[in-house]
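Visitor: For reference, the structure I am asking about is given below.
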Amino acid sequence: MRQHWARPRRVKKVYHRVNVALPGAGADWIYNYRIPDLVLLTRERFSIDRTTHFEGGPDVAVEIRSPGDESEEKLAFYALIGVLEVWIIDRDTKQPDVYVLGPDGYRIQAVDSDGWFRSARTGIEFRPGRPGKLAIRLVDDESSCEEIPED
């Protein structure tokens, strides 16, 4: 994500396993928080960074689904703090689900006719690639397409 999204634009950041908490929680954030696998943040939301945690929702929270985890159970909390998109990617198949926040909670993003999931918030598209890989690219830019994780 740093290579495909944050570095080319220089006004975006990617964090790994950062605490996210309710807006206005102050020192009590430690009693009610979640830890996404990745967090994508645009300049407009840099102000939520409190060093120890983010106070309020990042643009995107990324969860890697593995057997017995609680990725879907975090959706209500993420909606409450205002996370605009949640990507849940299966650890083994790399099948992504993209949830977009609306007035009534999250709705699942449909895949396009070519099998790509498009993130309107980030300008990234992704889909399962070769076995064990996730294909990722900038929207409609085939030349930027790569598969992750790298070999």
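In the structure tokens, chains take the letters A, B, ... in the order shown, each chain's residues start at 1, and ligands count up from 1 in the order shown.
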Mind checking which residues fall within 8 Å of Arg137 (chain A), counting only C-alpha atoms, ignoring those fewer than 4 positions away in the same chain, and posting them as a list in words?

Guide: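 Here the answer would be His4, Ile124, Glu125, Phe126, Asp141, Glu142, Ser143, Ser144, Cys145 and Glu146 of chain A.
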
Visitor: Need to verify the contact set: Ile30 (chain A), 9 Å, only C-alpha atoms, exclusion of same-chain residues closer than 3 positions in sequence. Can you return it as a short mmCIF file (atom, residue, chain, number, x, y, z; two decimals) with C-alpha atoms, in the first residue's frame?

Guide:
data_model
loop_
_atom_site.label_atom_id
_atom_site.label_comp_id
_atom_site.auth_asym_id
_atom_site.auth_seq_id
_atom_site.Cartn_x
_atom_site.Cartn_y
_atom_site.Cartn_z
CA ASN A 19 -4.96 1.55 17.70
CA ALA A 21 -10.57 4.76 19.14
CA ALA A 25 -12.15 9.55 24.04
CA ALA A 27 -7.16 9.17 27.95
CA TYR A 33 -10.41 0.54 20.71
CA HIS A 53 -3.71 5.87 18.88
#

Visitor: Do you know which residues are at most 10 Å from Asp49 (chain A) counting only C-alpha atoms, after dropping those on the same chain fewer than 4 positions away, and could you put them as a ChimeraX atom specification?

Guide: /A:18-20,41,45,53-56,58

Visitor: With distances taken over only C-alpha atoms, which of A:Pro128, A:Val14, A:Asp151, A:Phe77 is nearest to Arg43 (chain A)?

Guide: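 The shortest atom-to-atom distance to Arg43 (chain A) comes from A:Val14.
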
Visitor: Using DSSP assignments from the backbone, pull out every residue in chain A that falls under strand (DSSP E or B) and give it to me as a ChimeraX atom specification.

Guide: /A:12-16,20-21,33-34,38-42,49,54-55,60-65,85-90,96-102,105-108,117-119,124-128,134-138,146-148

Visitor: Find, counting only C-alpha atoms, the residue in A:Leu38, A:Leu134, A:Val139, A:Leu75 that gets nearest to Asp92 (chain A).

Guide: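 Nearest candidate to Asp92 (chain A) out of A:Leu38, A:Leu134, A:Val139, A:Leu75: A:Leu134.
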
Visitor: Could you state the separation of CA of Lys74 (chain A) and CA of Tyr31 (chain A) in Å, given to one decimal place?

Guide: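 These two atoms are separated by 15.1 Å.
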
Visitor: Neighbouring residues of Lys94 (chain A) were defined as those with any atom within 10 Å, considering only C-alpha atoms; residues of the same chain fewer than 4 positions away were excluded. Please report them as a PyMOL selection string.

Guide: chain A and resi 64-65+88-90+126-135+148

Visitor: Include C-alpha atoms and write out the residues we just selected as a PDB file, in the first residue's frame.

Guide:
ATOM      1  CA  ILE A  64      -6.880  -9.816   6.987  1.00  0.00           C
ATOM      2  CA  ARG A  65      -9.458 -12.529   7.645  1.00  0.00           C
ATOM      3  CA  ILE A  88     -11.541  -7.499   4.549  1.00  0.00           C
ATOM      4  CA  ILE A  89      -9.147  -9.717   2.621  1.00  0.00           C
ATOM      5  CA  ASP A  90      -9.077 -13.481   3.117  1.00  0.00           C
ATOM      6  CA  PHE A 126      -7.703  -5.079  -6.419  1.00  0.00           C
ATOM      7  CA  ARG A 127      -8.797  -8.660  -7.025  1.00  0.00           C
ATOM      8  CA  PRO A 128      -7.483 -12.139  -6.347  1.00  0.00           C
ATOM      9  CA  GLY A 129      -4.436 -12.841  -8.507  1.00  0.00           C
ATOM     10  CA  ARG A 130      -2.465 -16.022  -8.927  1.00  0.00           C
ATOM     11  CA  PRO A 131      -2.947 -18.506  -6.067  1.00  0.00           C
ATOM     12  CA  GLY A 132      -2.002 -16.826  -2.803  1.00  0.00           C
ATOM     13  CA  LYS A 133      -1.657 -13.363  -4.391  1.00  0.00           C
ATOM     14  CA  LEU A 134      -3.679 -10.173  -4.478  1.00  0.00           C
ATOM     15  CA  ALA A 135      -3.499  -8.175  -7.713  1.00  0.00           C
ATOM     16  CA  ILE A 148       1.317  -8.979  -3.473  1.00  0.00           C
TER      17      ILE A 148
END

Visitor: For Leu40 (chain A), which of A:Gly26, A:Gly57, A:Pro96, A:Gly68 is the closest residue, counting only C-alpha atoms?

Guide: A:Gly57

Visitor: What does the distance between CA of Tyr78 (chain A) and CA of Arg34 (chain A) come to in Å, to one decimal place?

Guide: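 Taking CA of Tyr78 (chain A) as the start and CA of Arg34 (chain A) as the end point, the length is 8.4 Å.
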
Visitor: Please return as a list in words: the residues of chain A that backbone DSSP assigns to alpha helix (DSSP H).

Guide: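 In chain A, DSSP puts these residues in alpha helix (DSSP H): Arg7, Pro8, Arg9, Leu75, Ala76, Phe77, Tyr78, Ala79, Leu80 and Ile81 of chain A.
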
Visitor: Put those residues in a file: N, CA and C atoms, as a PDB file, in the first residue's frame.

Guide:
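The result, written out as selection16.pdb:
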ATOM      1  N   ARG A   7       3.142   6.586  -1.422  1.00  0.00           N
ATOM      2  CA  ARG A   7       4.324   7.251  -1.992  1.00  0.00           C
ATOM      3  C   ARG A   7       4.022   8.060  -3.243  1.00  0.00           C
ATOM      4  N   PRO A   8       3.255   7.532  -4.209  1.00  0.00           N
ATOM      5  CA  PRO A   8       3.022   8.338  -5.417  1.00  0.00           C
ATOM      6  C   PRO A   8       2.283   9.644  -5.141  1.00  0.00           C
ATOM      7  N   ARG A   9       1.524   9.700  -4.092  1.00  0.00           N
ATOM      8  CA  ARG A   9       0.702  10.883  -3.843  1.00  0.00           C
ATOM      9  C   ARG A   9       1.276  11.797  -2.759  1.00  0.00           C
ATOM     10  N   LEU A  75     -16.990  -4.294  12.320  1.00  0.00           N
ATOM     11  CA  LEU A  75     -17.651  -3.343  11.418  1.00  0.00           C
ATOM     12  C   LEU A  75     -18.497  -2.307  12.152  1.00  0.00           C
ATOM     13  N   ALA A  76     -19.254  -2.714  13.158  1.00  0.00           N
ATOM     14  CA  ALA A  76     -20.105  -1.759  13.883  1.00  0.00           C
ATOM     15  C   ALA A  76     -19.254  -0.670  14.551  1.00  0.00           C
ATOM     16  N   PHE A  77     -18.135  -1.054  15.141  1.00  0.00           N
ATOM     17  CA  PHE A  77     -17.244  -0.081  15.770  1.00  0.00           C
ATOM     18  C   PHE A  77     -16.651   0.850  14.717  1.00  0.00           C
ATOM     19  N   TYR A  78     -16.201   0.278  13.609  1.00  0.00           N
ATOM     20  CA  TYR A  78     -15.619   1.106  12.552  1.00  0.00           C
ATOM     21  C   TYR A  78     -16.639   2.109  12.007  1.00  0.00           C
ATOM     22  N   ALA A  79     -17.902   1.703  11.885  1.00  0.00           N
ATOM     23  CA  ALA A  79     -18.944   2.638  11.438  1.00  0.00           C
ATOM     24  C   ALA A  79     -19.133   3.747  12.467  1.00  0.00           C
ATOM     25  N   LEU A  80     -19.121   3.377  13.739  1.00  0.00           N
ATOM     26  CA  LEU A  80     -19.308   4.343  14.817  1.00  0.00           C
ATOM     27  C   LEU A  80     -18.227   5.423  14.813  1.00  0.00           C
ATOM     28  N   ILE A  81     -16.985   5.054  14.523  1.00  0.00           N
ATOM     29  CA  ILE A  81     -15.907   6.055  14.543  1.00  0.00           C
ATOM     30  C   ILE A  81     -15.699   6.725  13.182  1.00  0.00           C
TER      31      ILE A  81
END
